[in-house]
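Enquirer: File name work.txt; file contents compact mmCIF, C-alpha atoms; full text below.
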# COMPACT_ATOMS: atom_id res chain seq x y z
CA MET B 29 -24.56 229.49 206.71
CA LYS B 30 -22.63 226.46 208.01
CA LYS B 31 -25.90 224.73 208.84
CA MET B 32 -27.20 225.42 205.32
CA LEU B 33 -24.02 224.04 203.77
CA ARG B 34 -24.36 220.88 205.87
CA HIS B 35 -27.87 220.43 204.51
CA VAL B 36 -26.67 220.98 200.93
CA PHE B 37 -23.85 218.43 201.32
CA ALA B 38 -26.22 215.94 202.94
CA LEU B 39 -28.74 216.35 200.12
CA THR B 40 -26.00 216.01 197.49
CA GLY B 41 -24.75 212.82 199.11
CA LEU B 42 -28.26 211.42 199.20
CA LEU B 43 -28.79 212.15 195.50
CA VAL B 44 -25.48 210.52 194.58
CA THR B 45 -26.38 207.44 196.61
CA LEU B 46 -29.80 207.20 195.00
CA ALA B 47 -28.33 207.60 191.51
CA ALA B 48 -25.83 204.82 192.15
CA ALA B 49 -28.51 202.54 193.54
CA ALA B 50 -30.97 203.11 190.66
CA PRO B 51 -29.40 200.71 188.11
CA ALA B 52 -29.12 197.96 190.71
CA ALA B 53 -32.73 198.47 191.74
CA HIS B 54 -33.78 198.39 188.09
CA ALA B 55 -32.00 195.07 187.61
CA GLN B 56 -33.69 193.61 190.70
CA GLU B 57 -37.12 194.67 189.45
CA PHE B 58 -36.47 193.59 185.87
CA PRO B 59 -38.37 191.96 184.33
CA ASN B 60 -41.74 192.75 185.86
CA ARG B 61 -43.77 192.46 182.65
CA PRO B 62 -43.55 190.43 179.38
CA ILE B 63 -40.63 191.02 177.04
CA THR B 64 -41.26 191.37 173.30
CA TRP B 65 -38.77 189.57 171.06
CA THR B 66 -39.15 190.93 167.53
CA VAL B 67 -38.27 188.72 164.56
CA GLY B 68 -37.92 190.22 161.11
CA PHE B 69 -39.17 187.15 159.28
CA ALA B 70 -42.54 185.52 158.66
CA PRO B 71 -44.24 183.17 161.13
CA GLY B 72 -43.48 179.51 160.49
CA GLY B 73 -40.09 180.12 158.90
CA ILE B 74 -36.78 178.72 160.13
CA SER B 75 -35.85 181.82 162.14
CA ASP B 76 -39.31 182.11 163.65
CA GLN B 77 -39.47 178.45 164.72
CA SER B 78 -36.03 178.58 166.29
CA THR B 79 -36.84 181.79 168.15
CA ARG B 80 -40.10 180.42 169.51
CA PHE B 81 -38.41 177.24 170.72
CA VAL B 82 -35.71 179.16 172.58
CA ALA B 83 -38.14 181.82 173.83
CA LYS B 84 -39.89 179.26 176.06
CA VAL B 85 -36.65 178.25 177.78
CA PHE B 86 -35.37 181.83 177.88
CA ALA B 87 -38.59 182.88 179.63
CA GLU B 88 -38.14 180.12 182.24
CA LYS B 89 -34.58 181.24 182.97
CA LEU B 90 -35.59 184.90 183.10
CA GLY B 91 -38.72 184.35 185.14
CA GLN B 92 -40.95 186.32 182.80
CA GLN B 93 -42.95 185.70 179.63
CA VAL B 94 -41.16 186.31 176.32
CA VAL B 95 -43.54 187.12 173.45
CA VAL B 96 -42.35 186.63 169.87
CA ASP B 97 -43.54 189.36 167.50
CA ASN B 98 -43.06 188.96 163.74
CA LYS B 99 -42.40 192.10 161.73
CA ALA B 100 -41.37 190.64 158.39
CA GLY B 101 -40.07 192.67 155.47
CA ALA B 102 -36.94 194.01 153.79
CA GLY B 103 -34.79 191.14 155.00
CA GLY B 104 -35.09 192.19 158.63
CA ILE B 105 -34.67 195.95 158.19
CA ILE B 106 -38.22 196.79 159.28
CA ALA B 107 -37.89 194.82 162.51
CA SER B 108 -34.43 196.22 163.20
CA GLU B 109 -35.57 199.82 162.78
CA HIS B 110 -38.57 199.14 165.02
CA VAL B 111 -36.45 197.86 167.91
CA ALA B 112 -33.77 200.52 167.43
CA LYS B 113 -36.44 203.16 168.15
CA ALA B 114 -37.98 201.33 171.12
CA PRO B 115 -37.37 202.34 174.76
CA ALA B 116 -34.04 201.00 176.01
CA ASP B 117 -35.47 199.36 179.10
CA GLY B 118 -34.96 195.71 178.21
CA TYR B 119 -38.56 194.98 177.28
CA ALA B 120 -37.91 195.16 173.53
CA ILE B 121 -35.29 192.88 172.00
CA LEU B 122 -34.51 191.83 168.45
CA TYR B 123 -33.51 188.69 166.59
CA GLY B 124 -30.51 190.41 165.00
CA SER B 125 -29.45 188.54 161.87
CA SER B 126 -26.48 188.56 159.53
CA GLY B 127 -28.37 190.49 156.86
CA PRO B 128 -29.11 193.79 158.64
CA PHE B 129 -26.11 193.50 160.95
CA GLY B 130 -23.58 192.05 158.53
CA ALA B 131 -24.06 192.22 154.77
CA PHE B 132 -26.54 195.09 154.47
CA LYS B 133 -24.08 197.72 155.67
CA SER B 134 -22.16 197.17 152.41
CA LEU B 135 -25.12 196.35 150.18
CA TYR B 136 -27.31 199.34 151.00
CA LYS B 137 -26.27 202.93 150.45
CA LYS B 138 -28.26 203.95 153.51
CA LEU B 139 -29.91 202.09 156.39
CA PRO B 140 -32.40 203.59 158.88
CA PHE B 141 -30.09 202.51 161.72
CA ASP B 142 -26.41 201.85 162.38
CA PRO B 143 -25.76 198.17 163.15
CA LEU B 144 -23.02 199.04 165.63
CA THR B 145 -24.29 202.18 167.39
CA SER B 146 -28.08 201.88 167.31
CA PHE B 147 -28.20 198.75 169.44
CA THR B 148 -27.08 197.17 172.69
CA TYR B 149 -25.41 193.82 172.05
CA ILE B 150 -26.76 191.22 174.49
CA HIS B 151 -25.82 187.69 173.43
CA GLY B 152 -25.01 185.56 170.40
CA PHE B 153 -27.58 183.00 169.25
CA GLY B 154 -26.45 180.62 166.51
CA LEU B 155 -24.47 180.02 163.33
CA SER B 156 -26.09 178.42 160.29
CA PRO B 157 -23.62 177.14 157.69
CA LEU B 158 -24.73 176.29 154.18
CA ILE B 159 -24.37 172.94 152.44
CA LEU B 160 -23.34 172.62 148.81
CA VAL B 161 -25.43 169.91 147.18
CA VAL B 162 -25.86 168.47 143.69
CA PRO B 163 -28.44 166.03 142.28
CA THR B 164 -27.47 162.42 142.87
CA ASN B 165 -27.27 161.88 139.11
CA SER B 166 -24.72 164.68 138.81
CA PRO B 167 -21.23 163.73 137.61
CA PHE B 168 -19.72 165.72 140.47
CA LYS B 169 -18.73 163.39 143.30
CA SER B 170 -16.68 165.93 145.27
CA LEU B 171 -16.11 169.65 145.66
CA LYS B 172 -12.88 169.28 143.67
CA ASP B 173 -14.82 167.77 140.76
CA LEU B 174 -17.12 170.77 140.73
CA VAL B 175 -14.31 173.33 141.00
CA ASP B 176 -12.23 171.64 138.30
CA PHE B 177 -15.19 171.60 135.92
CA ALA B 178 -15.97 175.25 136.61
CA LYS B 179 -12.37 176.26 135.91
CA ALA B 180 -12.20 174.25 132.69
CA ASN B 181 -15.62 175.41 131.51
CA PRO B 182 -16.06 179.07 132.40
CA ASP B 183 -19.64 180.38 132.18
CA LYS B 184 -21.06 176.90 131.52
CA LEU B 185 -22.05 175.99 135.04
CA THR B 186 -25.49 177.02 136.23
CA PHE B 187 -25.85 176.83 140.01
CA GLY B 188 -27.98 177.83 142.99
CA ILE B 189 -27.30 174.78 145.07
CA PHE B 190 -26.11 176.16 148.46
CA ASP B 191 -28.75 175.96 151.22
CA TYR B 192 -29.30 175.36 154.94
CA SER B 193 -29.14 171.92 156.49
CA ILE B 194 -32.80 171.92 157.46
CA VAL B 195 -33.77 172.60 153.83
CA VAL B 196 -31.62 169.99 152.09
CA LYS B 197 -31.46 167.26 154.73
CA PRO B 198 -34.76 165.58 153.75
CA GLN B 199 -33.66 165.48 150.11
CA ILE B 200 -30.26 164.08 151.04
CA GLU B 201 -31.85 161.38 153.19
CA ALA B 202 -34.26 160.57 150.36
CA GLY B 203 -31.32 160.05 148.01
CA LYS B 204 -32.21 162.95 145.72
CA LEU B 205 -29.29 165.22 146.59
CA ARG B 206 -25.60 164.60 147.22
CA PRO B 207 -23.81 166.89 149.71
CA LEU B 208 -20.31 167.94 148.72
CA ALA B 209 -19.24 170.33 151.48
CA SER B 210 -20.44 172.71 154.17
CA THR B 211 -19.40 176.32 154.65
CA GLY B 212 -18.93 176.21 158.43
CA ALA B 213 -15.75 176.20 160.49
CA VAL B 214 -16.52 172.69 161.77
CA ARG B 215 -18.63 169.78 160.57
CA LEU B 216 -22.32 169.90 161.35
CA THR B 217 -23.73 167.49 163.90
CA SER B 218 -26.64 166.97 161.52
CA HIS B 219 -24.24 165.98 158.72
CA PRO B 220 -21.14 164.46 160.37
CA ASP B 221 -19.99 162.83 157.13
CA VAL B 222 -20.02 166.05 155.13
CA PRO B 223 -16.60 167.74 155.19
CA THR B 224 -16.17 171.49 155.44
CA ALA B 225 -14.82 173.36 152.45
CA THR B 226 -11.87 174.35 154.64
CA GLU B 227 -11.04 170.68 155.22
CA LEU B 228 -11.06 170.15 151.47
CA GLY B 229 -8.55 172.91 150.87
CA TYR B 230 -10.85 175.90 150.31
CA PRO B 231 -10.55 178.05 153.46
CA GLY B 232 -12.06 181.02 151.65
CA VAL B 233 -15.38 179.18 151.41
CA GLN B 234 -16.29 179.74 155.05
CA LEU B 235 -19.48 181.69 155.42
CA THR B 236 -22.49 181.27 157.69
CA ALA B 237 -25.69 183.05 158.46
CA TRP B 238 -25.88 184.01 162.13
CA ALA B 239 -28.16 185.54 164.68
CA MET B 240 -27.97 187.21 168.09
CA ILE B 241 -30.21 189.09 170.50
CA VAL B 242 -29.84 192.85 170.74
CA GLY B 243 -31.84 195.72 172.19
CA PRO B 244 -31.98 199.48 171.62
CA ALA B 245 -28.81 201.43 172.37
CA GLY B 246 -28.45 202.61 175.95
CA MET B 247 -29.88 199.66 177.87
CA PRO B 248 -28.82 199.63 181.57
CA GLN B 249 -25.85 197.31 182.03
CA PRO B 250 -27.40 195.38 184.95
CA VAL B 251 -30.41 194.59 182.73
CA VAL B 252 -28.13 193.53 179.87
CA ASP B 253 -26.17 191.28 182.22
CA LYS B 254 -29.33 189.68 183.58
CA MET B 255 -30.67 188.99 180.09
CA ALA B 256 -27.34 187.68 178.83
CA LYS B 257 -27.05 185.29 181.78
CA ALA B 258 -30.55 183.91 181.23
CA PHE B 259 -30.06 183.55 177.48
CA ASN B 260 -26.70 181.86 177.95
CA GLU B 261 -28.34 179.34 180.28
CA ALA B 262 -31.08 178.78 177.70
CA LEU B 263 -28.54 178.00 174.98
CA LYS B 264 -27.00 175.34 177.22
CA ASP B 265 -30.31 173.64 177.90
CA PRO B 266 -30.14 170.04 176.53
CA ALA B 267 -33.44 170.36 174.67
CA VAL B 268 -32.30 173.59 172.99
CA VAL B 269 -28.96 172.05 172.03
CA LYS B 270 -30.59 168.96 170.51
CA TYR B 271 -33.17 171.00 168.62
CA HIS B 272 -30.50 173.10 166.96
CA ASP B 273 -28.16 170.18 166.32
CA ASP B 274 -30.99 168.60 164.36
CA GLN B 275 -31.53 171.85 162.49
CA GLY B 276 -27.87 172.19 161.53
CA VAL B 277 -27.33 175.24 163.75
CA THR B 278 -24.24 175.74 165.90
CA LEU B 279 -25.19 177.65 169.04
CA MET B 280 -23.10 180.49 170.48
CA PRO B 281 -22.99 180.08 174.28
CA ASP B 282 -20.83 182.56 176.19
CA MET B 283 -20.73 184.93 173.19
CA GLN B 284 -21.60 188.33 174.63
CA GLY B 285 -20.40 191.86 175.31
CA ALA B 286 -17.21 193.02 173.61
CA ARG B 287 -16.59 189.55 172.18
CA LEU B 288 -19.94 189.58 170.38
CA ARG B 289 -19.38 193.08 169.05
CA GLU B 290 -15.94 192.09 167.77
CA PHE B 291 -17.49 189.08 166.01
CA VAL B 292 -19.98 191.33 164.20
CA ILE B 293 -17.25 193.76 163.12
CA LYS B 294 -15.22 190.90 161.60
CA GLU B 295 -18.29 189.53 159.84
CA GLN B 296 -19.08 192.96 158.40
CA ALA B 297 -15.56 193.10 156.95
CA LYS B 298 -16.00 189.64 155.44
CA PHE B 299 -19.31 190.58 153.82
CA LYS B 300 -17.86 193.87 152.61
CA GLU B 301 -15.14 192.03 150.70
CA LEU B 302 -17.67 189.68 149.12
CA VAL B 303 -19.98 192.52 148.14
CA GLU B 304 -17.16 194.51 146.59
CA ARG B 305 -15.85 191.51 144.66
CA SER B 306 -19.30 190.65 143.35
CA GLY B 307 -20.26 194.23 142.53
CA ALA B 308 -23.67 193.70 144.13
CA THR B 309 -25.64 196.69 145.37
CA VAL B 310 -29.13 197.57 146.58
CA GLN B 311 -30.60 201.02 146.10
Represent the structure contained in this file as structure tokens.
Expert:
Amino acid sequence: MKKMLRHVFALTGLLVTLAAAAPAAHAQEFPNRPITWTVGFAPGGISDQSTRFVAKVFAEKLGQQVVVDNKAGAGGIIASEHVAKAPADGYAILYGSSGPFGAFKSLYKKLPFDPLTSFTYIHGFGLSPLILVVPTNSPFKSLKDLVDFAKANPDKLTFGIFDYSIVVKPQIEAGKLRPLASTGAVRLTSHPDVPTATELGYPGVQLTAWAMIVGPAGMPQPVVDKMAKAFNEALKDPAVVKYHDDQGVTLMPDMQGARLREFVIKEQAKFKELVERSGATVQ
């Protein structure tokens, strides 16, 4: 009996040791085949181009090919659902954007995934503020001019003039549009002379689109750490920094783990307030 017990204890100890070693072994092996990075927007668009540029550097840092796969539709919901249902082994990641992970939780009555529990948060990507522009022949020379007119003339101002830097920059440089303010926390490198709305006394006008990389819920932590480290190094690559500076995107190095999750929770609250105030809804 004692001999049998010794065998049982020995076997138990071996199993415990193997279980503890498994995640570490997985991390050492990972990645041993190409990783698919799903983007919920069409090929050739801003998000797609940015992802493909970073994917090359990310692959170099990770030591494995990263393949970008476009699954456009429903503002990113289709791609998000696809990755949420994928195996949580690190070989399927998502370009998680501020629509499905921020605003949509308040806009839609039901989503086919939970932005906070259906995914593993890996690393932040970038912030894309908007720029408020008017035609150069407009009487508005500043944000204050525009706000004062709107207050004095309710319901008389027609607008749709907020857009990303990459969209309006050519028109600004051509002298067709005049920038009044940006919605970021700091001035854009691509538009150093354009003040933020916060600088001009409107701290409530601080809103950006953003993106991050996530995977299905339950990814092994060693794999998450390895991916986060490689992606962080990619975001600090000089070529990646310059590319996004030119695009008007502020990168998010060192934004990972609990800090990234906390960022998303705060952004969801911000979008929730905006949605409730506007009364907007999507069936």
Enquirer: Excluding Lys133 (chain B) and its own-chain neighbours fewer than 3 positions away, which residues fall within 9 Å of it when counting only C-alpha atoms? Please give them as a PyMOL selection string.
Expert: chain B and resi 127-130+136-139+142-143+296+299-300
Enquirer: Find, counting only C-alpha atoms, the residue in B:Pro157, B:Pro167, B:Gly229, B:Gly243 that gets nearest to Gly124 (chain B).
Expert: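 Checking each of B:Pro157, B:Pro167, B:Gly229, B:Gly243 against Gly124 (chain B), counting only C-alpha atoms, the winner is B:Gly243.
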Enquirer: Have a look at B:Leu302, B:Leu288, B:Leu263, B:Ala237 and name the one nearest to Phe86 (chain B); count all atoms listed in the file.
Expert: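 Nearest candidate to Phe86 (chain B) out of B:Leu302, B:Leu288, B:Leu263, B:Ala237: B:Leu263.
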Enquirer: Could you work out how far CA of Trp65 (chain B) lies from CA of Thr211 (chain B), giving the answer in Å with one decimal?
Expert: 28.6 Å
Enquirer: I'd like the neighbourhood of Lys264 (chain B) as a ChimeraX atom specification, where a residue qualifies if any of its atoms comes within 12 Å (using all atoms listed in the file), though same-chain residues fewer than 2 positions away should be ignored.
Expert: /B:82,85-86,89,153-154,257-262,266-272,278-282
Enquirer: Mind writing the picked residues with C-alpha atoms as a PDB file, keeping the file's coordinate frame?
Expert:
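Once written, result.pdb looks like this:
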ATOM      1  CA  VAL B  82     -35.710 179.160 172.580  1.00  0.00           C
ATOM      2  CA  VAL B  85     -36.650 178.250 177.780  1.00  0.00           C
ATOM      3  CA  PHE B  86     -35.370 181.830 177.880  1.00  0.00           C
ATOM      4  CA  LYS B  89     -34.580 181.240 182.970  1.00  0.00           C
ATOM      5  CA  PHE B 153     -27.580 183.000 169.250  1.00  0.00           C
ATOM      6  CA  GLY B 154     -26.450 180.620 166.510  1.00  0.00           C
ATOM      7  CA  LYS B 257     -27.050 185.290 181.780  1.00  0.00           C
ATOM      8  CA  ALA B 258     -30.550 183.910 181.230  1.00  0.00           C
ATOM      9  CA  PHE B 259     -30.060 183.550 177.480  1.00  0.00           C
ATOM     10  CA  ASN B 260     -26.700 181.860 177.950  1.00  0.00           C
ATOM     11  CA  GLU B 261     -28.340 179.340 180.280  1.00  0.00           C
ATOM     12  CA  ALA B 262     -31.080 178.780 177.700  1.00  0.00           C
ATOM     13  CA  PRO B 266     -30.140 170.040 176.530  1.00  0.00           C
ATOM     14  CA  ALA B 267     -33.440 170.360 174.670  1.00  0.00           C
ATOM     15  CA  VAL B 268     -32.300 173.590 172.990  1.00  0.00           C
ATOM     16  CA  VAL B 269     -28.960 172.050 172.030  1.00  0.00           C
ATOM     17  CA  LYS B 270     -30.590 168.960 170.510  1.00  0.00           C
ATOM     18  CA  TYR B 271     -33.170 171.000 168.620  1.00  0.00           C
ATOM     19  CA  HIS B 272     -30.500 173.100 166.960  1.00  0.00           C
ATOM     20  CA  THR B 278     -24.240 175.740 165.900  1.00  0.00           C
ATOM     21  CA  LEU B 279     -25.190 177.650 169.040  1.00  0.00           C
ATOM     22  CA  MET B 280     -23.100 180.490 170.480  1.00  0.00           C
ATOM     23  CA  PRO B 281     -22.990 180.080 174.280  1.00  0.00           C
ATOM     24  CA  ASP B 282     -20.830 182.560 176.190  1.00  0.00           C
TER      25      ASP B 282
END
Enquirer: Check the smallest atom-to-atom distance from each of B:Leu185, B:Leu158, B:Ser108, B:Val96 to Ser78 (chain B) using all atoms listed in the file, then report the winner.
Expert: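 Using all atoms listed in the file, the shortest distance to Ser78 (chain B) belongs to B:Val96.
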Enquirer: Mind pulling up the distance from CA of Leu144 (chain B) to CA of Ala286 (chain B)?
Expert: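 It comes out at 11.6 Å.
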Enquirer: Nearest to Pro248 (chain B) among B:Ala116, B:Ala87, B:Ile63, B:Ala107, with distances taken over all atoms listed in the file: which residue is it?
Expert: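 The shortest atom-to-atom distance to Pro248 (chain B) comes from B:Ala116.
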Enquirer: Could you check which of B:Leu171, B:Val111, B:Ala308, B:Ala70 is closest to Ser134 (chain B), using all atoms listed in the file?
Expert: B:Ala308
Enquirer: Distance cut-off 8 Å, centre (-21.9, 164.1, 152.7) in file coordinates, counting all atoms listed in the file: which residues qualify? Return them as a VMD selection string.
Expert: chain B and resid 206 to 209 219 to 223
Enquirer: Please provide the set of residues having any atom within 9 Å of Asp191 (chain B), restricted to only C-alpha atoms, with same-chain residues fewer than 4 positions apart removed, written as a ChimeraX atom specification.
Expert: /B:157-161,195-196
Enquirer: At a cut-off of 7 Å, using only C-alpha atoms, what residues contact Gln275 (chain B)? Leave out same-chain residues fewer than 6 positions from it and give the result as a VMD selection string.
Expert: chain B and resid 193 to 194 218
Enquirer: Please indicate the distance in Å from CA of Val292 (chain B) to CA of Glu88 (chain B), rounded to one decimal place.
Expert: 27.9 Å
Enquirer: May I ask you to restore N, CA and C atoms in region 137-160 of chain B and write the result as an mmCIF file, keeping the file's coordinate frame?
Expert:
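Saved to out00.cif:
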data_model
loop_
_atom_site.group_PDB
_atom_site.id
_atom_site.type_symbol
_atom_site.label_atom_id
_atom_site.label_comp_id
_atom_site.auth_asym_id
_atom_site.auth_seq_id
_atom_site.Cartn_x
_atom_site.Cartn_y
_atom_site.Cartn_z
ATOM 1 N N LYS B 137 -26.920 201.624 150.358
ATOM 2 C CA LYS B 137 -26.270 202.930 150.450
ATOM 3 C C LYS B 137 -26.628 203.618 151.769
ATOM 4 N N LYS B 138 -27.829 203.331 152.265
ATOM 5 C CA LYS B 138 -28.260 203.950 153.510
ATOM 6 C C LYS B 138 -29.215 203.023 154.240
ATOM 7 N N LEU B 139 -29.009 202.859 155.541
ATOM 8 C CA LEU B 139 -29.910 202.090 156.390
ATOM 9 C C LEU B 139 -30.545 203.029 157.417
ATOM 10 N N PRO B 140 -31.742 202.719 157.892
ATOM 11 C CA PRO B 140 -32.400 203.590 158.880
ATOM 12 C C PRO B 140 -31.855 203.403 160.297
ATOM 13 N N PHE B 141 -30.735 202.748 160.425
ATOM 14 C CA PHE B 141 -30.090 202.510 161.720
ATOM 15 C C PHE B 141 -28.627 202.175 161.452
ATOM 16 N N ASP B 142 -27.818 202.269 162.481
ATOM 17 C CA ASP B 142 -26.410 201.850 162.380
ATOM 18 C C ASP B 142 -26.272 200.540 163.153
ATOM 19 N N PRO B 143 -25.838 199.474 162.481
ATOM 20 C CA PRO B 143 -25.760 198.170 163.150
ATOM 21 C C PRO B 143 -24.900 198.164 164.408
ATOM 22 N N LEU B 144 -23.922 199.055 164.485
ATOM 23 C CA LEU B 144 -23.020 199.040 165.630
ATOM 24 C C LEU B 144 -23.386 200.031 166.728
ATOM 25 N N THR B 145 -24.020 201.143 166.375
ATOM 26 C CA THR B 145 -24.290 202.180 167.390
ATOM 27 C C THR B 145 -25.752 202.309 167.785
ATOM 28 N N SER B 146 -26.663 201.727 167.007
ATOM 29 C CA SER B 146 -28.080 201.880 167.310
ATOM 30 C C SER B 146 -28.622 200.795 168.243
ATOM 31 N N PHE B 147 -27.733 199.881 168.650
ATOM 32 C CA PHE B 147 -28.200 198.750 169.440
ATOM 33 C C PHE B 147 -27.276 198.435 170.608
ATOM 34 N N THR B 148 -27.850 197.743 171.588
ATOM 35 C CA THR B 148 -27.080 197.170 172.690
ATOM 36 C C THR B 148 -26.915 195.686 172.390
ATOM 37 N N TYR B 149 -25.680 195.226 172.346
ATOM 38 C CA TYR B 149 -25.410 193.820 172.050
ATOM 39 C C TYR B 149 -25.559 192.991 173.327
ATOM 40 N N ILE B 150 -26.454 192.003 173.287
ATOM 41 C CA ILE B 150 -26.760 191.220 174.490
ATOM 42 C C ILE B 150 -26.086 189.857 174.466
ATOM 43 N N HIS B 151 -26.395 189.037 173.460
ATOM 44 C CA HIS B 151 -25.820 187.690 173.430
ATOM 45 C C HIS B 151 -25.936 187.084 172.042
ATOM 46 N N GLY B 152 -24.952 186.290 171.656
ATOM 47 C CA GLY B 152 -25.010 185.560 170.400
ATOM 48 C C GLY B 152 -26.062 184.462 170.469
ATOM 49 N N PHE B 153 -26.550 184.046 169.305
ATOM 50 C CA PHE B 153 -27.580 183.000 169.250
ATOM 51 C C PHE B 153 -27.029 181.756 168.550
ATOM 52 N N GLY B 154 -26.904 181.810 167.219
ATOM 53 C CA GLY B 154 -26.450 180.620 166.510
ATOM 54 C C GLY B 154 -25.850 180.925 165.149
ATOM 55 N N LEU B 155 -25.096 179.957 164.645
ATOM 56 C CA LEU B 155 -24.470 180.020 163.330
ATOM 57 C C LEU B 155 -25.109 178.967 162.437
ATOM 58 N N SER B 156 -25.445 179.348 161.215
ATOM 59 C CA SER B 156 -26.090 178.420 160.290
ATOM 60 C C SER B 156 -25.296 178.316 159.000
ATOM 61 N N PRO B 157 -24.388 177.336 158.921
ATOM 62 C CA PRO B 157 -23.620 177.140 157.690
ATOM 63 C C PRO B 157 -24.518 176.671 156.553
ATOM 64 N N LEU B 158 -24.026 176.779 155.357
ATOM 65 C CA LEU B 158 -24.730 176.290 154.180
ATOM 66 C C LEU B 158 -24.107 174.966 153.738
ATOM 67 N N ILE B 159 -24.876 174.198 152.992
ATOM 68 C CA ILE B 159 -24.370 172.940 152.440
ATOM 69 C C ILE B 159 -24.461 173.006 150.925
ATOM 70 N N LEU B 160 -23.373 172.661 150.269
ATOM 71 C CA LEU B 160 -23.340 172.620 148.810
ATOM 72 C C LEU B 160 -23.804 171.220 148.388
#
